[in-house]
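Structure data follow from coords32.cif (mmCIF, C-alpha atoms):
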data_target
loop_
_atom_site.label_atom_id
_atom_site.label_comp_id
_atom_site.auth_asym_id
_atom_site.auth_seq_id
_atom_site.Cartn_x
_atom_site.Cartn_y
_atom_site.Cartn_z
CA ALA I 25 17.52 -12.54 -21.19
CA GLU I 26 14.60 -10.53 -19.88
CA GLU I 27 15.05 -6.78 -19.79
CA SER I 28 14.02 -4.59 -16.87
CA TYR I 29 14.71 -0.87 -16.79
CA ILE I 30 13.41 2.29 -15.14
CA GLN I 31 12.51 5.48 -16.88
CA ASP I 32 10.94 8.76 -15.81
CA GLU I 33 8.41 8.84 -18.64
CA VAL I 34 6.82 5.79 -20.28
CA ASP I 35 6.16 6.45 -23.96
CA GLN I 36 3.18 4.38 -25.05
CA SER I 37 4.54 4.35 -28.60
CA ASP I 38 7.21 1.96 -27.30
CA ILE I 39 4.59 -0.78 -27.07
CA VAL I 40 5.48 -2.73 -30.20
CA THR I 41 3.19 -5.42 -31.58
CA GLY I 42 4.48 -8.82 -30.52
CA GLU I 43 6.37 -7.56 -27.48
CA LYS I 44 5.06 -8.27 -24.02
CA LEU I 45 5.77 -5.23 -21.84
CA VAL I 46 4.66 -4.91 -18.21
CA TYR I 47 4.37 -1.35 -16.85
CA THR I 48 4.51 -0.54 -13.14
CA GLY I 49 4.24 2.86 -11.45
CA ASN I 50 4.73 4.22 -7.92
CA ILE I 51 3.29 7.57 -6.88
CA ASN I 52 3.21 9.33 -3.49
CA ILE I 53 0.80 12.22 -2.99
CA GLU I 54 0.30 14.72 -0.16
CA THR I 55 -3.04 16.49 0.28
CA LEU I 56 -4.53 19.20 2.47
CA GLU I 57 -8.07 17.96 1.64
CA TYR I 58 -7.95 14.20 2.18
CA GLU I 59 -11.58 13.29 1.47
CA GLU I 60 -11.75 15.47 -1.66
CA SER I 61 -8.50 14.04 -3.03
CA LEU I 62 -9.55 10.46 -2.35
CA LYS I 63 -12.89 11.05 -4.09
CA ASN I 64 -11.03 12.62 -7.01
CA ILE I 65 -8.70 9.62 -7.35
CA ARG I 66 -11.57 7.11 -7.26
CA GLU I 67 -13.45 9.03 -9.95
CA ARG I 68 -10.37 9.11 -12.19
CA ILE I 69 -9.79 5.38 -11.77
CA GLN I 70 -13.36 4.79 -12.89
CA SER I 71 -13.07 7.21 -15.83
CA TYR I 72 -9.98 5.34 -17.09
CA LYS I 73 -11.88 2.02 -16.76
CA GLY I 74 -9.44 0.87 -14.13
CA LEU I 75 -9.99 -0.99 -10.89
CA ILE I 76 -8.66 -0.98 -7.33
CA GLU I 77 -7.07 -4.38 -6.74
CA ASN I 78 -6.63 -3.73 -3.01
CA GLU I 79 -6.43 -0.83 -0.59
CA SER I 80 -5.47 -0.20 3.02
CA GLU I 81 -6.53 2.95 4.89
CA ASN I 82 -5.13 4.18 8.21
CA ASP I 83 -6.09 6.87 10.71
CA ASN I 84 -3.40 7.56 13.33
CA ASP I 85 -5.40 10.18 15.24
CA TYR I 86 -5.78 8.96 18.83
CA ASN I 87 -7.63 12.06 20.04
CA TRP I 88 -11.05 11.06 18.64
CA TYR I 89 -12.20 9.89 22.08
CA SER I 90 -11.65 13.32 23.60
CA SER I 91 -14.75 15.41 24.23
CA SER I 92 -12.83 18.41 22.88
CA TYR I 93 -11.89 16.63 19.64
CA SER I 94 -12.31 19.04 16.76
CA GLY I 95 -11.08 16.96 13.82
CA ARG I 96 -7.30 17.27 13.87
CA LYS I 97 -5.76 16.71 10.46
CA ASN I 98 -2.66 15.01 9.05
CA SER I 99 -3.63 11.64 10.53
CA ARG I 100 -5.10 9.73 7.57
CA SER I 101 -3.44 7.86 4.74
CA ILE I 102 -4.27 5.18 2.19
CA ASN I 103 -2.30 2.69 0.12
CA MET I 104 -3.86 1.54 -3.15
CA THR I 105 -2.91 -1.04 -5.75
CA ILE I 106 -4.55 0.15 -8.97
CA ARG I 107 -4.85 -1.60 -12.33
CA ILE I 108 -5.19 0.70 -15.35
CA PRO I 109 -5.47 -0.32 -19.03
CA THR I 110 -1.89 -0.12 -20.33
CA GLY I 111 -2.78 2.31 -23.11
CA SER I 112 -3.84 4.85 -20.44
CA PHE I 113 -0.95 4.22 -18.02
CA GLN I 114 1.00 7.45 -18.58
CA SER I 115 -2.13 9.58 -19.00
CA PHE I 116 -3.44 8.36 -15.64
CA LEU I 117 -0.17 9.18 -13.89
CA ASN I 118 -0.14 12.65 -15.43
CA ASP I 119 -3.76 13.15 -14.38
CA MET I 120 -2.79 12.58 -10.73
CA GLU I 121 -1.29 16.10 -10.71
CA GLY I 122 -4.70 17.44 -9.69
CA ALA I 123 -5.15 15.08 -6.73
CA GLY I 124 -2.62 16.86 -4.50
CA LYS I 125 1.10 17.48 -4.35
CA ILE I 126 3.10 14.63 -5.91
CA THR I 127 6.17 14.12 -3.71
CA SER I 128 7.63 11.22 -5.68
CA ARG I 129 6.86 9.27 -8.83
CA SER I 130 8.62 6.44 -10.66
CA THR I 131 7.82 4.10 -13.51
CA ASN I 132 9.22 0.75 -14.57
CA VAL I 133 8.75 -1.34 -17.71
CA GLU I 134 9.75 -5.01 -17.94
CA ASN I 135 10.02 -6.91 -21.21
CA ILE I 136 8.64 -10.41 -20.56
CA THR I 137 8.50 -11.44 -24.24
CA LYS I 138 11.08 -14.24 -23.87
CA ARG I 139 9.43 -15.69 -20.76
CA TYR I 140 6.02 -15.50 -22.43
CA ASN I 141 7.26 -17.20 -25.62
CA ASP I 142 9.12 -19.92 -23.67
CA THR I 143 5.97 -20.65 -21.67
CA SER I 144 3.87 -20.76 -24.84
CA ILE I 145 6.28 -23.29 -26.38
CA GLN I 146 6.04 -25.46 -23.27
CA VAL I 147 2.26 -25.32 -23.42
CA THR I 148 2.26 -26.40 -27.08
CA ALA I 149 4.63 -29.30 -26.36
CA LEU I 150 2.54 -30.49 -23.41
CA GLU I 151 -0.68 -30.27 -25.44
CA GLU I 152 0.88 -32.45 -28.12
CA GLN I 153 2.03 -34.90 -25.47
CA GLN I 154 -1.45 -34.90 -23.97
CA ALA I 155 -2.98 -35.73 -27.36
CA ARG I 156 -0.57 -38.65 -27.85
CA LEU I 157 -1.29 -40.01 -24.37
CA LEU I 158 -5.02 -39.89 -25.05
CA GLU I 159 -4.48 -41.84 -28.26
CA MET I 160 -2.35 -44.41 -26.38
CA MET I 161 -5.08 -44.73 -23.77
CA GLU I 162 -7.52 -45.75 -26.50
CA ILE I 163 -5.34 -48.64 -27.71
CA ALA I 164 -3.88 -49.76 -24.35
CA ASP I 165 -4.15 -53.57 -24.00
CA THR I 166 -3.50 -54.07 -20.29
CA ILE I 167 -4.63 -52.53 -17.03
CA GLU I 168 -0.99 -51.81 -16.16
CA ASP I 169 -0.51 -49.84 -19.38
CA MET I 170 -3.70 -47.87 -18.77
CA ILE I 171 -2.63 -47.01 -15.20
CA ALA I 172 0.83 -45.89 -16.35
CA ILE I 173 -0.61 -43.76 -19.17
CA GLU I 174 -3.24 -42.23 -16.90
CA SER I 175 -0.59 -41.37 -14.31
CA ARG I 176 1.55 -39.60 -16.91
CA LEU I 177 -1.55 -37.91 -18.37
CA THR I 178 -2.40 -36.50 -14.95
CA GLU I 179 1.13 -35.06 -14.61
CA VAL I 180 0.94 -33.46 -18.05
CA GLN I 181 -2.48 -31.94 -17.40
CA THR I 182 -1.32 -30.53 -14.04
CA GLN I 183 1.71 -28.89 -15.71
CA LEU I 184 -0.53 -27.57 -18.48
CA ASN I 185 -2.91 -25.95 -15.99
CA ILE I 186 -0.02 -24.25 -14.17
CA LEU I 187 1.56 -22.92 -17.38
CA LYS I 188 -1.76 -21.75 -18.84
CA SER I 189 -2.50 -19.94 -15.56
CA SER I 190 0.93 -18.28 -15.80
CA LEU I 191 0.23 -17.20 -19.39
CA SER I 192 -3.14 -15.79 -18.34
CA GLN I 193 -1.52 -13.79 -15.53
CA MET I 194 1.13 -12.44 -17.91
CA ASP I 195 -1.60 -11.39 -20.35
CA THR I 196 -3.37 -9.55 -17.52
CA ASP I 197 -0.13 -7.83 -16.46
CA VAL I 198 0.52 -6.74 -20.04
CA ASN I 199 -3.00 -5.45 -20.64
CA TYR I 200 -3.46 -3.81 -17.22
CA SER I 201 -0.57 -1.83 -15.75
CA THR I 202 -0.09 -1.75 -11.98
CA ILE I 203 0.15 1.51 -10.05
CA TYR I 204 1.01 1.64 -6.34
CA LEU I 205 -0.47 4.87 -4.99
CA TYR I 206 0.07 6.33 -1.52
CA LEU I 207 -2.07 9.29 -0.42
CA ARG I 208 -1.21 11.08 2.85
CA GLU I 209 -3.05 13.87 4.64
CA VAL I 210 -0.85 16.77 5.80
CA ILE I 211 -1.33 20.12 7.51
CA GLU I 212 1.03 21.75 5.03
CA TYR I 213 2.87 20.51 1.98
CA THR I 214 6.44 19.33 2.41
CA VAL I 215 8.84 22.03 1.29
CA GLU I 216 12.60 21.66 1.46
CA PRO I 217 14.11 24.77 3.17
CA GLU I 218 16.66 26.50 0.98
CA THR I 219 18.99 27.70 3.74
CA PHE I 220 20.22 26.57 7.15
CA GLY I 221 18.47 29.57 8.74
CA GLU I 222 15.16 28.43 7.27
CA ARG I 223 15.73 24.96 8.68
CA ILE I 224 16.39 26.44 12.14
CA SER I 225 13.29 28.63 11.89
CA LYS I 226 11.13 25.72 10.79
CA ALA I 227 12.47 23.47 13.57
CA PHE I 228 11.84 26.22 16.17
CA THR I 229 8.27 26.74 14.93
CA SER I 230 7.63 23.00 14.93
CA GLY I 231 8.99 22.77 18.48
CA LEU I 232 6.66 25.54 19.68
CA GLU I 233 3.67 23.85 18.05
CA GLY I 234 4.63 20.55 19.65
CA PHE I 235 4.99 22.19 23.08
CA LYS I 236 1.63 23.91 22.63
CA ASP I 237 -0.04 20.58 21.77
CA PHE I 238 1.62 19.01 24.81
CA LEU I 239 0.29 21.74 27.14
CA GLU I 240 -3.19 21.44 25.66
CA ASP I 241 -3.19 17.67 26.14
CA LEU I 242 -1.87 18.09 29.71
CA VAL I 243 -4.61 20.59 30.63
CA LEU I 244 -7.28 18.32 29.12
CA PHE I 245 -5.88 15.35 31.04
CA VAL I 246 -5.93 17.27 34.34
CA ALA I 247 -9.46 18.54 33.63
CA ARG I 248 -10.70 15.01 33.02
CA SER I 249 -8.80 13.42 35.92
CA TRP I 250 -8.95 16.03 38.72
CA THR I 251 -11.03 13.83 41.05
CA PHE I 252 -8.52 10.98 40.82
CA ILE I 253 -5.63 13.41 41.35
CA LEU I 254 -7.28 14.82 44.54
CA LEU I 255 -7.92 11.30 45.86
CA PHE I 256 -4.30 10.36 45.12
CA ILE I 257 -2.97 13.45 46.97
CA ALA I 258 -5.29 12.77 49.94
CA ALA I 259 -4.06 9.17 50.07
CA ILE I 260 -0.41 10.34 50.08
CA PHE I 261 -1.06 12.77 52.99
CA GLY I 262 -2.95 10.08 54.88
CA LEU I 263 -0.09 7.62 54.51
CA LYS I 264 2.44 10.28 55.61
CA LYS I 265 0.39 11.05 58.75
CA LEU I 266 0.05 7.36 59.57
CA PHE I 267 3.77 6.77 59.07
CA LYS I 268 4.65 9.82 61.23
CA LYS I 269 2.32 8.64 64.02
CA LYS I 270 3.93 5.20 64.02
CA THR I 271 7.47 6.56 64.12
CA THR I 272 6.75 8.97 67.01
CA GLY I 273 5.26 6.08 69.02
CA ILE I 274 8.48 4.04 68.84
CA VAL I 275 10.45 4.16 72.13
CA LEU I 276 14.24 4.03 71.74
#
Written as C-alpha cells, that's how I'd like the structure from this file.
Amino acid sequence: AEESYIQDEVDQSDIVTGEKLVYTGNINIETLEYEESLKNIRERIQSYKGLIENESENDNDYNWYSSSYSGRKNSRSINMTIRIPTGSFQSFLNDMEGAGKITSRSTNVENITKRYNDTSIQVTALEEQQARLLEMMEIADTIEDMIAIESRLTEVQTQLNILKSSLSQMDTDVNYSTIYLYLREVIEYTVEPETFGERISKAFTSGLEGFKDFLEDLVLFVARSWTFILLFIAAIFGLKKLFKKKTTGIVL
C-alpha cells in the first residue's frame, strides 16, 4: 500500500535511490511590507530554479475611489502554487523566514513507489501487446481480421498514452516539489495575548480603531453627499407642508 505521512521537517537524506517520494508544503506568511516581501519571494523562487505554476492576488481595499485615499494597508494577499526542485525543498522553506512572519507551516511526503512501479509494469505489458498486434496486422489475411486487429490496437495505444502521461506526471511530481504559499498584508503581526486582560485590552483598542474608522468614513460620506442630503431634507419639508395644507382643507 502507498504510504502518506506528515512531518515537521523533511530530511532530504530520506530520498533513497529507487523510491518515488512526492513532497508537498504549505506555508502562510504575514508581512508589514507587502510589495517588498512579494519581490523577495519571487527572487528566491528564481534563485532556486523554481517556477510559479499559478497565482491569485486579491486587494480587498474598497476605499481606493475616495479622493482622500492615502493607501490603507492590510488589504492585499496572494496565493501561489510553487514548484521547487525536490533537492532544494527544505532549504526553500527555511529561506522563507526572511519574507515575513511565518504563521503556519506544514510538510507532507507521499511514497508513490508502488503506484509508479505498477504503472510501469502495465506500460511494458501494453507495449508488448502493441508489438504483437502490429505483427498480426502484417500477416492478416482478411479485411475482417485487419479491422478487428486495428480496433484492438487503437484501444491499446490509447491506454498506453494515458499511462505514459501518468508516469510523466509522477516523474514531474517527484523531481519538483509543490509548495502552496499564502502571503497576507497586515498592519501588525498576529500575536496571541498571554492573559485575559491583554485580550480585553486588545479588543477595546480594536473597537476604538473601528469606531474611529467609522466616524471618518461617515464624515467623508457627508462631505461628498451634502447637496443630496439638503435636497432630501427640503423634499421632506415640502411634502410635510403639502400634506398639512391638504388636511387643514378637509371639512368634517
- Could you spell out the hits of the PyMOL selection byres ((chain I and resi 71) around 12) on the shown file, as a list in words? Asn64, Ile65, Arg66, Glu67, Arg68, Ile69, Gln70, Tyr72, Lys73, Gly74, Leu75, Ile108, Pro109, Ser112, Ser115, Phe116 and Asp119 of chain I
Emit the selected residues as an mmCIF file, keeping the file's coordinate frame, including C-alpha atoms.
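Wrote selection.cif, looks like this:
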data_model
loop_
_atom_site.group_PDB
_atom_site.id
_atom_site.type_symbol
_atom_site.label_atom_id
_atom_site.label_comp_id
_atom_site.auth_asym_id
_atom_site.auth_seq_id
_atom_site.Cartn_x
_atom_site.Cartn_y
_atom_site.Cartn_z
ATOM 1 C CA ASN I 64 -11.030 12.620 -7.010
ATOM 2 C CA ILE I 65 -8.700 9.620 -7.350
ATOM 3 C CA ARG I 66 -11.570 7.110 -7.260
ATOM 4 C CA GLU I 67 -13.450 9.030 -9.950
ATOM 5 C CA ARG I 68 -10.370 9.110 -12.190
ATOM 6 C CA ILE I 69 -9.790 5.380 -11.770
ATOM 7 C CA GLN I 70 -13.360 4.790 -12.890
ATOM 8 C CA TYR I 72 -9.980 5.340 -17.090
ATOM 9 C CA LYS I 73 -11.880 2.020 -16.760
ATOM 10 C CA GLY I 74 -9.440 0.870 -14.130
ATOM 11 C CA LEU I 75 -9.990 -0.990 -10.890
ATOM 12 C CA ILE I 108 -5.190 0.700 -15.350
ATOM 13 C CA PRO I 109 -5.470 -0.320 -19.030
ATOM 14 C CA SER I 112 -3.840 4.850 -20.440
ATOM 15 C CA SER I 115 -2.130 9.580 -19.000
ATOM 16 C CA PHE I 116 -3.440 8.360 -15.640
ATOM 17 C CA ASP I 119 -3.760 13.150 -14.380
#
- Message: On this structure, the PyMOL selection byres ((chain I and resi 113) around 9) would catch which residues? List them as a list of chain:residue names, sorted by chain and number.
- Response: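 This file, filtered by the PyMOL selection byres ((chain I and resi 113) around 9), leaves I:Val34, I:Gln36, I:Tyr47, I:Thr48, I:Gly49, I:Ile108, I:Pro109, I:Thr110, I:Gly111, I:Ser112, I:Gln114, I:Ser115, I:Phe116, I:Leu117, I:Asn118, I:Tyr200, I:Ser201, I:Thr202, I:Ile203.
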List the neighbours of segment 138-142 of chain I out to 12 Å using all atoms listed in the file; skip same-chain residues closer than 5 positions along the sequence, and give me the result as a compact mmCIF listing (two decimals) with C-alpha atoms, in the frame of the given file.
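Output contents, as saved in around_18.txt:
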# COMPACT_ATOMS: atom_id res chain seq x y z
CA ALA I 25 17.52 -12.54 -21.19
CA GLU I 26 14.60 -10.53 -19.88
CA GLU I 27 15.05 -6.78 -19.79
CA GLY I 42 4.48 -8.82 -30.52
CA GLU I 43 6.37 -7.56 -27.48
CA LYS I 44 5.06 -8.27 -24.02
CA LEU I 45 5.77 -5.23 -21.84
CA VAL I 46 4.66 -4.91 -18.21
CA VAL I 147 2.26 -25.32 -23.42
CA THR I 148 2.26 -26.40 -27.08
CA ALA I 149 4.63 -29.30 -26.36
CA LEU I 187 1.56 -22.92 -17.38
CA LYS I 188 -1.76 -21.75 -18.84
CA SER I 189 -2.50 -19.94 -15.56
CA SER I 190 0.93 -18.28 -15.80
CA LEU I 191 0.23 -17.20 -19.39
CA SER I 192 -3.14 -15.79 -18.34
CA GLN I 193 -1.52 -13.79 -15.53
CA MET I 194 1.13 -12.44 -17.91
CA ASP I 195 -1.60 -11.39 -20.35
CA ASP I 197 -0.13 -7.83 -16.46
CA VAL I 198 0.52 -6.74 -20.04
- Message: Considering all atoms listed in the file, can you say which of I:Ile186, I:Glu81, I:Lys264, I:Glu212 comes closest to Ser144 of chain I?
- Response: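 So, comparing all the options, the nearest one is I:Ile186.
Pairwise distance (atom CA of Ala164 of chain I, atom CA of Gln181 of chain I) equals 19.2 Å.
Atom CA of Lys125 of chain I is positioned 5.1 Å from atom CA of Glu54 of chain I.
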- Enter the distance from atom CA of Glu179 of chain I to atom CA of Leu158 of chain I, in Å, rounded to one decimal.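 Computing it gives 13.0 Å between the two atoms.
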- Nearest candidate to Ser175 of chain I (options I:Leu157, I:Leu56, I:Asn103, I:Glu162; using all atoms listed in the file): I:Leu157
- Excluding same-chain residues fewer than 3 positions from Leu205 of chain I, what lies within 7 Å of it counting all atoms listed in the file, as a ChimeraX atom specification? /I:50-52,103-105
Kindly save the residues from that selection, with C-alpha atoms included, as a JSON list (two decimals), in the coordinates of the input.
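Dumped everything to part04.json:
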[["chain", "number", "residue", "atom", "x", "y", "z"],
["I", 50, "ASN", "CA", 4.73, 4.22, -7.92],
["I", 51, "ILE", "CA", 3.29, 7.57, -6.88],
["I", 52, "ASN", "CA", 3.21, 9.33, -3.49],
["I", 103, "ASN", "CA", -2.30, 2.69, 0.12],
["I", 104, "MET", "CA", -3.86, 1.54, -3.15],
["I", 105, "THR", "CA", -2.91, -1.04, -5.75]]
- Task: List the residues selected by the PyMOL selection byres ((chain I and resi 176) around 12) in the file shown, writing them as a list of chain:residue names.
- Result: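 In the shown coordinates, the PyMOL selection byres ((chain I and resi 176) around 12) covers I:Leu150, I:Gln153, I:Gln154, I:Arg156, I:Leu157, I:Leu158, I:Met160, I:Met161, I:Asp169, I:Met170, I:Ile171, I:Ala172, I:Ile173, I:Glu174, I:Ser175, I:Leu177, I:Thr178, I:Glu179, I:Val180, I:Gln181, I:Thr182, I:Gln183.
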Would you place a box with edges along x, y and z of the file around all atoms of segment 254-266 of chain I listed there, add 6 Å to each of its six sides, and report the centre and edge lengths in Å to one decimal, as AutoDock Vina command-line options?
--center_x -2.7 --center_y 11.1 --center_z 52.1 --size_x 22.4 --size_y 19.5 --size_z 27.0
